[in-house]
$ cat model.cif   # mmCIF, C-alpha atoms and all ligand atoms
data_target
loop_
_atom_site.group_PDB
_atom_site.id
_atom_site.type_symbol
_atom_site.label_atom_id
_atom_site.label_comp_id
_atom_site.auth_asym_id
_atom_site.auth_seq_id
_atom_site.Cartn_x
_atom_site.Cartn_y
_atom_site.Cartn_z
ATOM 1 C CA MET A 1 60.417 108.206 75.253
ATOM 2 C CA GLU A 2 62.143 109.668 78.247
ATOM 3 C CA VAL A 3 65.039 107.593 79.530
ATOM 4 C CA ASN A 4 67.147 108.472 82.547
ATOM 5 C CA ILE A 5 70.475 107.086 83.645
ATOM 6 C CA VAL A 6 70.699 107.409 87.412
ATOM 7 C CA VAL A 7 73.879 106.964 89.414
ATOM 8 C CA GLU A 8 73.486 106.344 93.141
ATOM 9 C CA ILE A 9 76.391 106.487 95.571
ATOM 10 C CA MET A 10 76.039 105.521 99.211
ATOM 11 C CA ILE A 11 77.064 108.334 101.556
ATOM 12 C CA PRO A 12 80.296 107.547 103.426
ATOM 13 C CA HIS A 13 80.103 106.492 107.036
ATOM 14 C CA ASN A 14 83.240 106.695 109.189
ATOM 15 C CA GLY A 15 85.232 107.428 106.083
ATOM 16 C CA ARG A 16 84.090 104.365 104.146
ATOM 17 C CA HIS A 17 81.354 104.077 101.589
ATOM 18 C CA PRO A 18 78.861 101.347 102.551
ATOM 19 C CA ARG A 19 77.885 98.791 99.946
ATOM 20 C CA HIS A 20 74.944 99.604 97.683
ATOM 21 C CA PRO A 21 72.241 96.897 97.541
ATOM 22 C CA THR A 22 72.721 96.693 93.749
ATOM 23 C CA PRO A 23 76.335 97.641 93.009
ATOM 24 C CA PHE A 24 77.372 98.205 89.416
ATOM 25 C CA TYR A 25 80.635 96.430 90.162
ATOM 26 C CA PRO A 26 80.061 93.988 93.010
ATOM 27 C CA VAL A 27 83.628 93.448 94.195
ATOM 28 C CA PRO A 28 84.315 91.520 97.392
ATOM 29 C CA ASP A 29 84.421 93.584 100.564
ATOM 30 C CA ILE A 30 88.035 92.644 101.181
ATOM 31 C CA GLY A 31 90.481 93.029 98.346
ATOM 32 C CA PRO A 32 93.874 94.347 97.320
ATOM 33 C CA PHE A 33 93.422 97.973 98.429
ATOM 34 C CA ASP A 34 92.274 99.554 101.647
ATOM 35 C CA MET A 35 89.453 101.380 99.847
ATOM 36 C CA TYR A 36 88.868 98.574 97.358
ATOM 37 C CA SER A 37 85.153 98.034 97.991
ATOM 38 C CA ASP A 38 84.259 101.731 97.862
ATOM 39 C CA VAL A 39 83.302 101.148 94.228
ATOM 40 C CA ALA A 40 80.562 98.764 95.393
ATOM 41 C CA ALA A 41 78.839 101.818 96.891
ATOM 42 C CA MET A 42 77.905 102.911 93.400
ATOM 43 C CA ALA A 43 74.879 101.727 91.478
ATOM 44 C CA ILE A 44 73.913 102.731 87.969
ATOM 45 C CA ARG A 45 70.388 102.202 86.832
ATOM 46 C CA ILE A 46 68.342 102.954 83.784
ATOM 47 C CA GLU A 47 64.747 104.105 84.097
ATOM 48 C CA TRP A 48 62.112 104.730 81.486
ATOM 49 C CA GLN A 49 58.397 105.180 81.040
ATOM 50 C CA LYS A 50 56.302 102.482 79.458
ATOM 51 C CA ASP A 51 53.433 103.188 77.064
ATOM 52 C CA ASP A 52 50.921 102.782 79.879
ATOM 53 C CA GLY A 53 52.618 105.583 81.820
ATOM 54 C CA GLN A 54 54.279 103.369 84.441
ATOM 55 C CA TRP A 55 57.952 104.043 85.112
ATOM 56 C CA ILE A 56 60.292 101.080 85.403
ATOM 57 C CA SER A 57 63.880 100.779 86.406
ATOM 58 C CA ARG A 58 66.692 98.257 86.301
ATOM 59 C CA PRO A 59 70.115 98.449 87.907
ATOM 60 C CA LEU A 60 72.969 97.749 85.512
ATOM 61 C CA THR A 61 75.875 95.483 86.299
ATOM 62 C CA LEU A 62 79.111 94.361 84.757
ATOM 63 C CA THR A 63 79.520 90.930 83.319
ATOM 64 C CA ARG A 64 83.187 90.880 82.543
ATOM 65 C CA THR A 65 86.381 92.818 82.992
ATOM 66 C CA LYS A 66 90.129 92.396 82.714
ATOM 67 C CA LEU A 67 93.067 93.202 84.873
ATOM 68 C CA ALA A 68 94.401 96.576 83.806
ATOM 69 C CA SER A 69 97.909 95.235 83.338
ATOM 70 C CA SER A 70 96.694 92.564 80.934
ATOM 71 C CA ALA A 71 94.163 94.655 79.007
ATOM 72 C CA THR A 72 95.486 95.268 75.521
ATOM 73 C CA GLY A 73 95.910 98.710 74.078
ATOM 74 C CA THR A 74 95.803 100.591 77.366
ATOM 75 C CA GLY A 75 99.556 100.926 77.837
ATOM 76 C CA ILE A 76 99.126 100.189 81.535
ATOM 77 C CA THR A 77 102.214 98.351 82.690
ATOM 78 C CA THR A 78 103.788 97.841 86.073
ATOM 79 C CA THR A 79 107.051 99.390 84.883
ATOM 80 C CA LYS A 80 105.214 102.565 83.966
ATOM 81 C CA PHE A 81 102.620 102.758 86.732
ATOM 82 C CA GLY A 82 103.927 100.640 89.583
ATOM 83 C CA PRO A 83 103.015 97.284 91.162
ATOM 84 C CA GLU A 84 99.522 98.523 92.085
ATOM 85 C CA VAL A 85 98.178 98.157 88.534
ATOM 86 C CA GLU A 86 98.668 94.420 88.726
ATOM 87 C CA TYR A 87 95.729 94.349 91.151
ATOM 88 C CA MET A 88 93.367 96.716 89.378
ATOM 89 C CA THR A 89 90.789 95.645 86.859
ATOM 90 C CA MET A 90 89.800 98.051 84.114
ATOM 91 C CA ALA A 91 86.311 98.110 85.621
ATOM 92 C CA TRP A 92 87.652 99.063 89.032
ATOM 93 C CA LEU A 93 89.751 101.864 87.574
ATOM 94 C CA ARG A 94 86.827 103.237 85.593
ATOM 95 C CA CYS A 95 84.481 102.996 88.559
ATOM 96 C CA VAL A 96 86.941 104.872 90.784
ATOM 97 C CA LYS A 97 87.383 107.505 88.094
ATOM 98 C CA PHE A 98 83.650 107.879 87.561
ATOM 99 C CA MET A 99 82.766 107.866 91.255
ATOM 100 C CA GLY A 100 85.602 110.311 91.929
ATOM 101 C CA SER A 101 84.234 112.598 89.227
ATOM 102 C CA LEU A 102 80.828 112.773 90.871
ATOM 103 C CA MET A 103 82.197 112.898 94.414
ATOM 104 C CA GLN A 104 84.908 115.378 93.344
ATOM 105 C CA TRP A 105 87.757 113.327 94.795
ATOM 106 C CA GLU A 106 91.120 114.991 94.810
ATOM 107 C CA TRP A 107 93.954 112.510 95.266
ATOM 108 C CA GLN A 108 96.649 113.530 97.712
ATOM 109 C CA SER A 109 99.352 111.708 95.825
ATOM 110 C CA LYS A 110 101.299 112.132 92.653
ATOM 111 C CA LYS A 111 102.195 108.456 92.257
ATOM 112 C CA PRO A 112 101.944 107.223 88.673
ATOM 113 C CA PHE A 113 99.076 104.789 89.316
ATOM 114 C CA VAL A 114 97.033 107.533 90.983
ATOM 115 C CA GLN A 115 97.133 109.479 87.716
ATOM 116 C CA LEU A 116 94.982 106.710 86.212
ATOM 117 C CA MET A 117 92.242 107.569 88.702
ATOM 118 C CA VAL A 118 92.073 111.321 88.276
ATOM 119 C CA ARG A 119 88.491 112.447 87.828
ATOM 120 C CA TYR A 120 87.039 113.550 84.531
ATOM 121 C CA PRO A 121 86.956 117.320 84.009
ATOM 122 C CA GLY A 122 83.668 119.101 84.576
ATOM 123 C CA ARG A 123 81.776 120.765 87.363
ATOM 124 C CA VAL A 124 79.335 118.934 89.567
ATOM 125 C CA ARG A 125 76.203 120.572 90.926
ATOM 126 C CA CYS A 126 74.531 119.838 94.229
ATOM 127 C CA ILE A 127 70.796 120.298 94.404
ATOM 128 C CA GLU A 128 69.125 120.520 97.762
ATOM 129 C CA THR A 129 65.497 121.153 98.491
ATOM 130 C CA ASP A 130 64.752 124.014 100.822
ATOM 131 C CA PHE A 131 61.273 123.026 101.924
ATOM 132 C CA LEU A 132 60.633 126.108 104.057
ATOM 133 C CA GLY A 133 61.791 128.479 101.385
ATOM 134 C CA GLN A 134 59.956 126.491 98.697
ATOM 135 C CA LYS A 135 62.958 126.411 96.445
ATOM 136 C CA TYR A 136 65.858 124.362 95.250
ATOM 137 C CA VAL A 137 69.343 125.462 96.236
ATOM 138 C CA VAL A 138 71.953 124.694 93.620
ATOM 139 C CA SER A 139 75.606 124.839 94.551
ATOM 140 C CA ILE A 140 78.944 123.590 93.323
ATOM 141 C CA ALA A 141 80.040 120.361 94.983
ATOM 142 C CA ASP A 142 82.909 120.541 97.471
ATOM 143 C CA LYS A 143 86.103 118.749 96.590
ATOM 144 C CA ILE A 144 87.019 115.811 98.817
ATOM 145 C CA LYS A 145 90.662 115.130 99.582
ATOM 146 C CA ARG A 146 91.527 111.447 99.451
ATOM 147 C CA PRO A 147 94.752 109.656 100.307
ATOM 148 C CA GLU A 148 96.024 107.267 97.638
ATOM 149 C CA PRO A 149 94.666 103.700 97.772
ATOM 150 C CA LYS A 150 97.068 101.553 99.793
ATOM 151 C CA LEU A 151 98.039 98.163 98.441
ATOM 152 C CA LEU A 152 97.531 95.560 101.172
ATOM 153 C CA ASP A 153 99.665 92.455 101.587
ATOM 154 C CA LEU A 154 98.396 88.905 102.117
ATOM 155 C CA GLU A 155 98.681 89.118 105.889
ATOM 156 C CA GLN A 156 96.805 92.402 106.009
ATOM 157 C CA THR A 157 93.894 91.034 103.985
ATOM 158 C CA ALA A 158 93.977 87.866 106.125
ATOM 159 C CA ALA A 159 93.649 90.025 109.231
ATOM 160 C CA LEU A 160 90.690 91.839 107.675
ATOM 161 C CA LEU A 161 89.049 88.525 106.730
ATOM 162 C CA ARG A 162 89.526 87.206 110.246
ATOM 163 C CA LYS A 163 88.137 90.384 111.757
ATOM 164 C CA ARG A 164 85.139 90.340 109.472
ATOM 165 C CA TYR A 165 84.266 86.635 109.347
ATOM 166 C CA GLY A 166 85.980 85.171 112.387
ATOM 167 C CA SER A 167 88.350 82.217 112.278
ATOM 168 C CA GLU A 168 85.910 79.591 113.483
ATOM 169 C CA ASN A 169 84.214 78.936 110.168
ATOM 170 C CA MET A 170 86.840 80.137 107.755
ATOM 171 C CA MET A 171 90.197 78.540 107.033
ATOM 172 C CA ILE A 172 92.616 81.057 105.631
ATOM 173 C CA GLY A 173 95.579 79.885 103.554
ATOM 174 C CA LEU A 174 95.452 76.194 104.423
ATOM 175 C CA PRO A 175 92.826 73.766 103.112
ATOM 176 C CA PRO A 176 90.853 72.178 105.954
ATOM 177 C CA LYS A 177 91.253 68.546 106.862
ATOM 178 C CA LYS A 178 88.384 66.109 106.418
ATOM 179 C CA GLY A 179 86.056 66.248 109.359
ATOM 180 C CA TRP A 180 86.384 69.996 109.683
ATOM 181 C CA TRP A 181 83.469 70.657 107.377
ATOM 182 C CA ALA A 182 80.026 71.191 108.812
ATOM 183 C CA VAL A 183 77.404 68.457 108.811
ATOM 184 C CA PRO A 184 76.098 68.673 105.269
ATOM 185 C CA GLY A 185 72.714 70.177 104.643
ATOM 186 C CA GLU A 186 70.487 69.039 101.837
ATOM 187 C CA ASP A 187 72.219 70.800 99.012
ATOM 188 C CA MET A 188 75.734 70.884 100.353
ATOM 189 C CA ARG A 189 77.123 68.339 97.931
ATOM 190 C CA GLY A 190 80.179 69.692 96.231
ATOM 191 C CA LEU A 191 80.486 72.419 98.795
ATOM 192 C CA ILE A 192 82.071 70.343 101.521
ATOM 193 C CA ASN A 193 85.282 68.333 101.471
ATOM 194 C CA ARG A 194 86.400 70.356 98.493
ATOM 195 C CA THR A 195 89.854 71.458 97.559
ATOM 196 C CA ARG A 196 88.792 74.421 95.412
ATOM 197 C CA CYS A 197 88.742 77.601 97.428
ATOM 198 C CA ASP A 198 85.714 79.772 98.187
ATOM 199 C CA MET A 199 86.459 82.328 95.507
ATOM 200 C CA CYS A 200 86.813 79.699 92.788
ATOM 201 C CA VAL A 201 83.659 77.893 93.823
ATOM 202 C CA PHE A 202 81.452 80.902 94.348
ATOM 203 C CA SER A 203 82.613 83.369 91.744
ATOM 204 C CA ASN A 204 81.007 81.197 89.020
ATOM 205 C CA ASP A 205 84.028 81.926 86.915
ATOM 206 C CA ASN A 206 84.549 78.799 84.878
ATOM 207 C CA ARG A 207 88.097 79.801 84.219
ATOM 208 C CA SER A 208 89.015 79.690 87.865
ATOM 209 C CA LYS A 209 89.980 76.115 88.432
ATOM 210 C CA CYS A 210 91.822 77.024 91.574
ATOM 211 C CA THR A 211 95.069 76.415 89.768
ATOM 212 C CA ASN A 212 98.566 77.635 90.420
ATOM 213 C CA ARG A 213 97.761 77.202 94.039
ATOM 214 C CA LYS A 214 101.385 77.207 94.872
ATOM 215 C CA ALA A 215 102.338 77.502 98.462
ATOM 216 C CA SER A 216 103.716 80.908 99.026
ATOM 217 C CA HIS A 217 106.931 81.172 100.903
ATOM 218 C CA GLU A 218 106.271 84.731 101.802
ATOM 219 C CA GLN A 219 107.259 85.240 105.397
ATOM 220 C CA GLY A 220 108.245 81.605 105.658
ATOM 221 C CA THR A 221 104.669 80.350 105.475
ATOM 222 C CA GLU A 222 103.287 77.480 103.443
ATOM 223 C CA LYS A 223 99.907 78.922 102.697
ATOM 224 C CA PHE A 224 98.038 78.825 99.411
ATOM 225 C CA SER A 225 96.894 81.586 97.145
ATOM 226 C CA CYS A 226 95.371 80.570 93.793
ATOM 227 C CA ASP A 227 95.282 82.769 90.691
ATOM 228 C CA LEU A 228 91.931 84.281 91.556
ATOM 229 C CA CYS A 229 92.821 84.961 95.193
ATOM 230 C CA LYS A 230 96.221 86.242 94.171
ATOM 231 C CA SER A 231 94.562 88.908 92.059
ATOM 232 C CA LEU A 232 92.768 89.992 95.250
ATOM 233 C CA ARG A 233 95.927 89.823 97.378
ATOM 234 C CA ARG A 234 94.294 87.189 99.565
ATOM 235 C CA TRP A 235 95.137 83.735 100.724
ATOM 236 C CA CYS A 236 92.638 81.133 99.554
ATOM 237 C CA THR A 237 89.802 80.640 102.009
ATOM 238 C CA TRP A 238 87.506 77.713 102.770
ATOM 239 C CA THR A 239 84.280 78.513 104.553
ATOM 240 C CA ARG A 240 82.508 75.883 106.561
ATOM 241 C CA VAL A 241 78.947 77.144 106.356
ATOM 242 C CA ALA A 242 79.389 77.409 102.649
ATOM 243 C CA ASN A 243 75.720 77.026 101.949
ATOM 244 C CA ASP A 244 75.161 80.300 103.664
ATOM 245 C CA ARG A 245 76.309 82.587 100.879
ATOM 246 C CA VAL A 246 76.581 85.495 103.277
ATOM 247 C CA HIS A 247 79.939 84.146 104.362
ATOM 248 C CA ILE A 248 81.218 84.001 100.847
ATOM 249 C CA GLU A 249 80.900 87.688 100.139
ATOM 250 C CA TYR A 250 80.607 88.652 96.518
ATOM 251 C CA PRO A 251 82.065 87.318 93.320
ATOM 252 C CA PHE A 252 84.950 88.709 91.424
ATOM 253 C CA LEU A 253 85.665 89.270 87.729
ATOM 254 C CA VAL A 254 82.586 87.488 86.461
ATOM 255 C CA VAL A 255 79.215 88.276 87.921
ATOM 256 C CA PRO A 256 77.091 85.150 88.227
ATOM 257 C CA PHE A 257 73.797 85.172 86.410
ATOM 258 C CA SER A 258 71.935 85.038 89.682
ATOM 259 C CA LEU A 259 73.149 88.552 90.323
ATOM 260 C CA LYS A 260 71.370 90.003 87.319
ATOM 261 C CA TYR A 261 69.184 92.678 88.763
ATOM 262 C CA LYS A 262 65.458 92.699 88.223
ATOM 263 C CA LEU A 263 63.189 95.167 86.555
ATOM 264 C CA GLN A 264 60.899 96.975 88.929
ATOM 265 C CA GLY A 265 58.193 99.577 88.802
ATOM 266 C CA ILE A 266 59.095 102.945 90.330
ATOM 267 C CA PRO A 267 57.239 106.182 91.026
ATOM 268 C CA ALA A 268 57.617 108.889 88.396
ATOM 269 C CA PRO A 269 61.015 110.559 88.791
ATOM 270 C CA PRO A 270 61.106 114.097 90.224
ATOM 271 C CA ILE A 271 61.021 117.075 87.900
ATOM 272 C CA ASN A 272 64.213 118.066 86.232
ATOM 273 C CA ILE A 273 65.826 121.372 86.973
ATOM 274 C CA ASP A 274 67.111 123.359 84.060
ATOM 275 C CA LEU A 275 70.749 123.500 85.097
ATOM 276 C CA LEU A 276 71.859 124.863 81.760
ATOM 277 C CA ASN A 277 69.783 127.904 82.441
ATOM 278 C CA ILE A 278 71.449 128.425 85.801
ATOM 279 C CA ASP A 279 74.874 128.024 84.258
ATOM 280 C CA SER A 280 74.352 130.963 81.964
ATOM 281 C CA GLU A 281 73.557 133.312 84.849
ATOM 282 C CA GLU A 282 76.409 132.185 86.980
ATOM 283 C CA LYS A 283 79.855 133.569 86.393
ATOM 284 C CA ASP A 284 81.610 132.884 89.649
ATOM 285 C CA GLU A 285 83.572 129.633 89.525
ATOM 286 C CA ASP A 286 83.535 128.867 93.194
ATOM 287 C CA LYS A 287 80.743 128.299 95.612
ATOM 288 C CA ALA A 288 78.351 130.657 93.856
ATOM 289 C CA GLU A 289 74.866 129.727 94.867
ATOM 290 C CA ALA A 290 72.160 130.079 92.369
ATOM 291 C CA MET A 291 68.637 129.941 93.618
ATOM 292 C CA THR A 292 65.827 128.837 91.492
ATOM 293 C CA GLN A 293 62.255 129.271 92.467
ATOM 294 C CA VAL A 294 60.034 126.217 92.353
ATOM 295 C CA ASP A 295 56.648 126.885 90.802
ATOM 296 C CA GLU A 296 55.673 129.844 92.935
ATOM 297 C CA ASP A 297 51.960 129.345 92.611
ATOM 298 C CA GLU A 298 51.993 125.859 93.962
ATOM 299 C CA ASP A 299 51.561 125.631 97.679
ATOM 300 C CA GLU A 300 52.554 122.912 100.110
ATOM 301 C CA ASP A 301 53.434 120.558 97.321
ATOM 302 C CA GLU A 302 57.077 119.665 97.400
ATOM 303 C CA ASP A 303 56.844 116.326 95.738
ATOM 304 C CA GLY A 304 57.742 117.804 92.453
ATOM 305 C CA GLU A 305 54.673 116.665 90.626
ATOM 306 C CA GLU A 306 54.533 117.973 87.151
HETATM 307 ZN ZN ZN B 401 90.892 79.178 94.064
HETATM 308 ZN ZN ZN B 402 91.846 80.864 96.096
#
$ encode --input "model.cif" --output "structure tokens"
Amino acid sequence: MEVNIVVEIMIPHNGRHPRHPTPFYPVPDIGPFDMYSDVAAMAIRIEWQKDDGQWISRPLTLTRTKLASSATGTGITTTKFGPEVEYMTMAWLRCVKFMGSLMQWEWQSKKPFVQLMVRYPGRVRCIETDFLGQKYVVSIADKIKRPEPKLLDLEQTAALLRKRYGSENMMIGLPPKKGWWAVPGEDMRGLINRTRCDMCVFSNDNRSKCTNRKASHEQGTEKFSCDLCKSLRRWCTWTRVANDRVHIEYPFLVVPFSLKYKLQGIPAPPINIDLLNIDSEEKDEDKAEAMTQVDEDEDEDEDGEE
């Protein structure tokens, strides 16, 4: 049986990677780093052919991860790698490393924590279809320079939340008073007049009881940030139209079962190109372009049918 593992990465737009519809690691859009949600641009799916010839595919997703600084056996400590690692999960680190390997990211920083995100060794090929020339063009991927991820503070993430979701329906840092909540819809019970914050209610993480919600005295404020929000460098938030999950963004640390992606039928994948064969002909390390002719006898058929 032929089985493919396919990694899809959304192409960056204005310097940021847009979210994939089925991210492998569905982190919230706003988190502890400026490029935090770039990892949600990556999807990993498995595809295979059933006995009846139909191809099917299913996106994979994470179910659980740990903060890097509390994962045992990794040796990742704040004293060794800096305060940043307190806000990185192992999944996030691995996703950045993996995505960076395919995208050929080159970090413009020598900070200790950045060393944890250096891409895996190995060359990456780009394959483009030259329809007019009836051939595939194979080249070596360009390296992309990236500044180090910047750790945001609570006020910076609050500003991003406000910009993204507005302040009319979202309380940031301070629990709303009774009467602030919207008129309840049919299934709004438990979602209004609550003290637990959005993240704790909607992440489906049974461990997040919205505890340790100590008021922070940072910058003289009295706002709240619970354990879960703290790990995201965010104040707790309470969203009025809580039934409308769009406002709640995406869960963190534990993916709710509702996010399990579905199996679906797909067209047969395109033909594979024998890259190993090209490798042997190519000696030049940089930018050498190897051309490979697509079935010369076939005319007008670029769909790659076998
Ligand atoms: Zn909470
Ligand atoms: Zn919270």
$ residues_near_ligand --input "model.cif" --ligand "ligand ZN 402 (chain B)" --cutoff "6 Å" --atoms "all atoms listed in the file" --output "ChimeraX atom specification"
/A:197,199,210,225-226,228-229,236
$ atom_distance --input "model.cif" --atom1 "atom CA of A:Phe24" --atom2 "atom CA of A:Ala40"
6.8 Å
$ closest_residue --input "model.cif" --among "A:Ser231, A:Thr89, A:Gln49, A:Ser167" --to "ligand ZN 401 (chain B)" --atoms "only C-alpha atoms and all ligand atoms"
A:Ser231
$ atom_distance --input "model.cif" --atom1 "atom CA of A:Leu263" --atom2 "atom CA of A:Met1"
17.5 Å
$ closest_residue --input "model.cif" --among "A:Arg233, A:Arg240, A:His13, A:Lys260" --to "A:Gly179" --atoms "only C-alpha atoms"
A:Arg240
$ resolve_selection --input "model.cif" --expression "the PyMOL selection byres (((chain A and resi 161) around 10) and not hetatm)" --output "MDAnalysis selection string"
chainID A and resid 29:31 155:160 162:167 170 172 234:235 237
$ resolve_selection --input "model.cif" --expression "the PyMOL selection byres (((chain A and resi 100-112) around 9) and not hetatm)" --output "CSV table (one decimal) with C-alpha atoms, in the frame of the given file"
chain,number,residue,atom,x,y,z
A,9,ILE,CA,76.4,106.5,95.6
A,80,LYS,CA,105.2,102.6,84.0
A,81,PHE,CA,102.6,102.8,86.7
A,82,GLY,CA,103.9,100.6,89.6
A,95,CYS,CA,84.5,103.0,88.6
A,96,VAL,CA,86.9,104.9,90.8
A,97,LYS,CA,87.4,107.5,88.1
A,98,PHE,CA,83.6,107.9,87.6
A,99,MET,CA,82.8,107.9,91.3
A,113,PHE,CA,99.1,104.8,89.3
A,114,VAL,CA,97.0,107.5,91.0
A,115,GLN,CA,97.1,109.5,87.7
A,116,LEU,CA,95.0,106.7,86.2
A,117,MET,CA,92.2,107.6,88.7
A,118,VAL,CA,92.1,111.3,88.3
A,119,ARG,CA,88.5,112.4,87.8
A,120,TYR,CA,87.0,113.6,84.5
A,121,PRO,CA,87.0,117.3,84.0
A,122,GLY,CA,83.7,119.1,84.6
A,123,ARG,CA,81.8,120.8,87.4
A,124,VAL,CA,79.3,118.9,89.6
A,141,ALA,CA,80.0,120.4,95.0
A,142,ASP,CA,82.9,120.5,97.5
A,143,LYS,CA,86.1,118.7,96.6
A,144,ILE,CA,87.0,115.8,98.8
A,145,LYS,CA,90.7,115.1,99.6
A,146,ARG,CA,91.5,111.4,99.5
A,147,PRO,CA,94.8,109.7,100.3
A,148,GLU,CA,96.0,107.3,97.6
$ atom_distance --input "model.cif" --atom1 "atom CA of A:Pro59" --atom2 "atom CA of A:Arg16"
22.2 Å
$ residues_around --input "model.cif" --residues "A:Lys262" --least-positions-apart "2" --cutoff "10 Å" --atoms "all atoms listed in the file" --output "ChimeraX atom specification"
/A:22,57-60,259-260,264
